[in-house]
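Peer 1: As input, take model19.cif (mmCIF, N, CA and C atoms):
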data_data
loop_
_atom_site.group_PDB
_atom_site.id
_atom_site.type_symbol
_atom_site.label_atom_id
_atom_site.label_comp_id
_atom_site.auth_asym_id
_atom_site.auth_seq_id
_atom_site.Cartn_x
_atom_site.Cartn_y
_atom_site.Cartn_z
ATOM 1 N N MET A 1 7.918 18.699 10.666
ATOM 2 C CA MET A 1 7.175 19.942 10.640
ATOM 3 C C MET A 1 7.412 20.741 11.921
ATOM 4 N N TYR A 2 7.150 20.132 13.073
ATOM 5 C CA TYR A 2 7.280 20.864 14.329
ATOM 6 C C TYR A 2 8.737 21.187 14.660
ATOM 7 N N LEU A 3 9.685 20.392 14.157
ATOM 8 C CA LEU A 3 11.094 20.699 14.410
ATOM 9 C C LEU A 3 11.490 22.007 13.726
ATOM 10 N N LYS A 4 10.976 22.230 12.532
ATOM 11 C CA LYS A 4 11.250 23.485 11.825
ATOM 12 C C LYS A 4 10.644 24.670 12.571
ATOM 13 N N LEU A 5 9.441 24.486 13.111
ATOM 14 C CA LEU A 5 8.797 25.555 13.878
ATOM 15 C C LEU A 5 9.614 25.910 15.121
ATOM 16 N N LEU A 6 10.096 24.902 15.817
ATOM 17 C CA LEU A 6 10.895 25.153 17.015
ATOM 18 C C LEU A 6 12.225 25.801 16.673
ATOM 19 N N LYS A 7 12.836 25.371 15.567
ATOM 20 C CA LYS A 7 14.111 25.956 15.159
ATOM 21 C C LYS A 7 13.966 27.458 14.924
ATOM 22 N N LYS A 8 12.873 27.870 14.307
ATOM 23 C CA LYS A 8 12.626 29.287 14.048
ATOM 24 C C LYS A 8 12.105 30.006 15.288
ATOM 25 N N GLY A 9 11.361 29.294 16.132
ATOM 26 C CA GLY A 9 10.660 29.926 17.234
ATOM 27 C C GLY A 9 11.459 30.149 18.504
ATOM 28 N N VAL A 10 12.477 29.342 18.748
ATOM 29 C CA VAL A 10 13.257 29.493 19.976
ATOM 30 C C VAL A 10 14.296 30.584 19.748
ATOM 31 N N LYS A 11 14.056 31.731 20.360
ATOM 32 C CA LYS A 11 14.926 32.886 20.134
ATOM 33 C C LYS A 11 15.769 33.224 21.354
ATOM 34 N N GLN A 12 15.305 32.846 22.527
ATOM 35 C CA GLN A 12 16.056 33.107 23.757
ATOM 36 C C GLN A 12 16.208 31.809 24.515
ATOM 37 N N GLY A 13 17.377 31.544 24.994
ATOM 38 C CA GLY A 13 17.617 30.327 25.749
ATOM 39 C C GLY A 13 17.869 29.136 24.844
ATOM 40 N N ILE A 14 17.984 27.978 25.476
ATOM 41 C CA ILE A 14 18.213 26.735 24.768
ATOM 42 C C ILE A 14 17.130 25.750 25.179
ATOM 43 N N LEU A 15 16.550 25.086 24.203
ATOM 44 C CA LEU A 15 15.547 24.063 24.453
ATOM 45 C C LEU A 15 16.096 22.723 23.987
ATOM 46 N N HIS A 16 16.109 21.748 24.897
ATOM 47 C CA HIS A 16 16.480 20.375 24.559
ATOM 48 C C HIS A 16 15.176 19.584 24.489
ATOM 49 N N LEU A 17 14.836 19.119 23.310
ATOM 50 C CA LEU A 17 13.591 18.391 23.083
ATOM 51 C C LEU A 17 13.903 16.899 23.008
ATOM 52 N N HIS A 18 13.327 16.123 23.923
ATOM 53 C CA HIS A 18 13.529 14.671 23.989
ATOM 54 C C HIS A 18 12.247 14.007 23.499
ATOM 55 N N LEU A 19 12.354 13.235 22.419
ATOM 56 C CA LEU A 19 11.183 12.631 21.787
ATOM 57 C C LEU A 19 11.023 11.164 22.178
ATOM 58 N N PRO A 20 9.812 10.612 21.985
ATOM 59 C CA PRO A 20 9.539 9.225 22.381
ATOM 60 C C PRO A 20 10.456 8.191 21.720
ATOM 61 N N ASP A 21 10.977 8.498 20.534
ATOM 62 C CA ASP A 21 11.851 7.537 19.846
ATOM 63 C C ASP A 21 13.281 7.545 20.384
ATOM 64 N N GLY A 22 13.553 8.371 21.399
ATOM 65 C CA GLY A 22 14.882 8.434 22.010
ATOM 66 C C GLY A 22 15.775 9.522 21.443
ATOM 67 N N SER A 23 15.340 10.185 20.394
ATOM 68 C CA SER A 23 16.156 11.253 19.811
ATOM 69 C C SER A 23 16.041 12.526 20.646
ATOM 70 N N THR A 24 17.085 13.346 20.568
ATOM 71 C CA THR A 24 17.111 14.636 21.258
ATOM 72 C C THR A 24 17.494 15.704 20.246
ATOM 73 N N HIS A 25 16.774 16.820 20.280
ATOM 74 C CA HIS A 25 17.049 17.953 19.392
ATOM 75 C C HIS A 25 17.274 19.179 20.267
ATOM 76 N N THR A 26 18.223 20.006 19.874
ATOM 77 C CA THR A 26 18.540 21.208 20.639
ATOM 78 C C THR A 26 18.312 22.428 19.761
ATOM 79 N N PHE A 27 17.638 23.426 20.344
ATOM 80 C CA PHE A 27 17.311 24.656 19.619
ATOM 81 C C PHE A 27 17.764 25.852 20.430
ATOM 82 N N GLY A 28 18.197 26.912 19.750
ATOM 83 C CA GLY A 28 18.526 28.169 20.396
ATOM 84 C C GLY A 28 19.958 28.260 20.885
ATOM 85 N N GLU A 29 20.276 29.438 21.412
ATOM 86 C CA GLU A 29 21.603 29.741 21.937
ATOM 87 C C GLU A 29 21.450 30.709 23.096
ATOM 88 N N SER A 30 22.059 30.412 24.220
ATOM 89 C CA SER A 30 22.034 31.330 25.356
ATOM 90 C C SER A 30 22.457 30.580 26.605
ATOM 91 N N ARG A 31 22.401 31.263 27.743
ATOM 92 C CA ARG A 31 22.772 30.642 29.013
ATOM 93 C C ARG A 31 21.628 29.828 29.600
ATOM 94 N N LEU A 32 20.414 30.278 29.432
ATOM 95 C CA LEU A 32 19.269 29.601 30.037
ATOM 96 C C LEU A 32 18.903 28.357 29.236
ATOM 97 N N GLU A 33 18.666 27.248 29.945
ATOM 98 C CA GLU A 33 18.342 26.002 29.268
ATOM 99 C C GLU A 33 17.096 25.367 29.866
ATOM 100 N N ALA A 34 16.364 24.650 29.020
ATOM 101 C CA ALA A 34 15.189 23.897 29.468
ATOM 102 C C ALA A 34 15.170 22.566 28.733
ATOM 103 N N ASP A 35 14.704 21.535 29.417
ATOM 104 C CA ASP A 35 14.523 20.221 28.813
ATOM 105 C C ASP A 35 13.034 19.935 28.735
ATOM 106 N N TRP A 36 12.598 19.444 27.591
ATOM 107 C CA TRP A 36 11.198 19.134 27.366
ATOM 108 C C TRP A 36 11.123 17.669 26.936
ATOM 109 N N TYR A 37 10.504 16.849 27.758
ATOM 110 C CA TYR A 37 10.371 15.424 27.484
ATOM 111 C C TYR A 37 8.967 15.150 26.970
ATOM 112 N N ILE A 38 8.885 14.655 25.747
ATOM 113 C CA ILE A 38 7.614 14.316 25.136
ATOM 114 C C ILE A 38 7.486 12.792 25.171
ATOM 115 N N LEU A 39 6.467 12.299 25.840
ATOM 116 C CA LEU A 39 6.288 10.861 25.976
ATOM 117 C C LEU A 39 5.354 10.279 24.922
ATOM 118 N N ASP A 40 4.567 11.144 24.280
ATOM 119 C CA ASP A 40 3.593 10.704 23.284
ATOM 120 C C ASP A 40 3.734 11.581 22.046
ATOM 121 N N GLU A 41 3.972 10.977 20.909
ATOM 122 C CA GLU A 41 4.167 11.721 19.654
ATOM 123 C C GLU A 41 2.955 12.607 19.332
ATOM 124 N N LYS A 42 1.774 12.169 19.697
ATOM 125 C CA LYS A 42 0.561 12.956 19.427
ATOM 126 C C LYS A 42 0.576 14.273 20.207
ATOM 127 N N ALA A 43 1.228 14.293 21.353
ATOM 128 C CA ALA A 43 1.272 15.509 22.171
ATOM 129 C C ALA A 43 2.027 16.626 21.465
ATOM 130 N N ILE A 44 3.165 16.333 20.874
ATOM 131 C CA ILE A 44 3.951 17.373 20.198
ATOM 132 C C ILE A 44 3.200 17.897 18.976
ATOM 133 N N ILE A 45 2.453 17.050 18.310
ATOM 134 C CA ILE A 45 1.670 17.503 17.149
ATOM 135 C C ILE A 45 0.563 18.449 17.601
ATOM 136 N N ARG A 46 -0.089 18.130 18.723
ATOM 137 C CA ARG A 46 -1.139 19.021 19.245
ATOM 138 C C ARG A 46 -0.557 20.359 19.666
ATOM 139 N N VAL A 47 0.601 20.344 20.290
ATOM 140 C CA VAL A 47 1.247 21.602 20.716
ATOM 141 C C VAL A 47 1.637 22.424 19.491
ATOM 142 N N ALA A 48 2.182 21.790 18.479
ATOM 143 C CA ALA A 48 2.604 22.509 17.264
ATOM 144 C C ALA A 48 1.408 23.143 16.560
ATOM 145 N N ARG A 49 0.284 22.477 16.543
ATOM 146 C CA ARG A 49 -0.912 23.020 15.892
ATOM 147 C C ARG A 49 -1.454 24.232 16.645
ATOM 148 N N ASP A 50 -1.255 24.233 17.950
ATOM 149 C CA ASP A 50 -1.759 25.335 18.788
ATOM 150 C C ASP A 50 -0.876 26.525 18.552
#
Could you write out this structure as structure tokens?
Peer 2:
Amino acid sequence: MYLKLLKKGVKQGILHLHLPDGSTHTFGESRLEADWYILDEKAIIRVARD
């Protein structure tokens, strides 16, 4: 669910999302990059709901 939201929502820059299970997802296109490390699966669900 939240991966689809991020795919649509990241319009500027690149976001590298690192999840607790070790997977990494990349969203967006541009020169600017950010890495987001999620250590608790519940945290990403709370952020997505907000």
Peer 1: Please provide as a count of residues only all residues within 7 Å of Trp36 of chain A, with the sequence filter that same-chain residues fewer than 4 positions apart are discarded (counting only N, CA and C atoms).
Peer 2: 5
Peer 1: In Å to one decimal, how far is atom N of Asp21 of chain A from atom C of Arg49 of chain A?
Peer 2: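 Atom-to-atom, atom C of Arg49 of chain A to atom N of Asp21 of chain A, that is 20.4 Å.
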Peer 1: Near Phe27 of chain A, counting only N, CA and C atoms, which residues have an atom at most 8 Å away, once you skip same-chain residues fewer than 6 positions from it, shown as a PyMOL selection string?
Peer 2: chain A and resi 6-17
Peer 1: Taking only chain A into account, list the residues labelled strand (DSSP E or B) by DSSP (computed from the backbone), as a list in words.
Peer 2: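 Here are the strand (DSSP E or B) residues of chain A: Gly13, Ile14, Leu15, His16, Leu17, His18, Thr24, His25, Thr26, Phe27, Gly28, Glu29, Glu33, Ala34, Asp35, Trp36 and Tyr37 of chain A.
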Peer 1: I'd like the box whose edges run along x, y and z of the file and which contains every listed atom of segment 3-15 of chain A, padded by 3 Å per side; could you state its centre and edge lengths in Å, one decimal, as JSON?
Peer 2:
{"center_x": 13.5, "center_y": 26.8, "center_z": 18.8, "size_x": 15.4, "size_y": 18.8, "size_z": 19.9}
Peer 1: For the file shown, report as an MDAnalysis selection string the outcome of the PyMOL selection byres (((chain A and resi 44 and name CA) around 12) and name CA) at residue level.
Peer 2: chainID A and resid 1:3 5:6 17:20 36:43 45:50
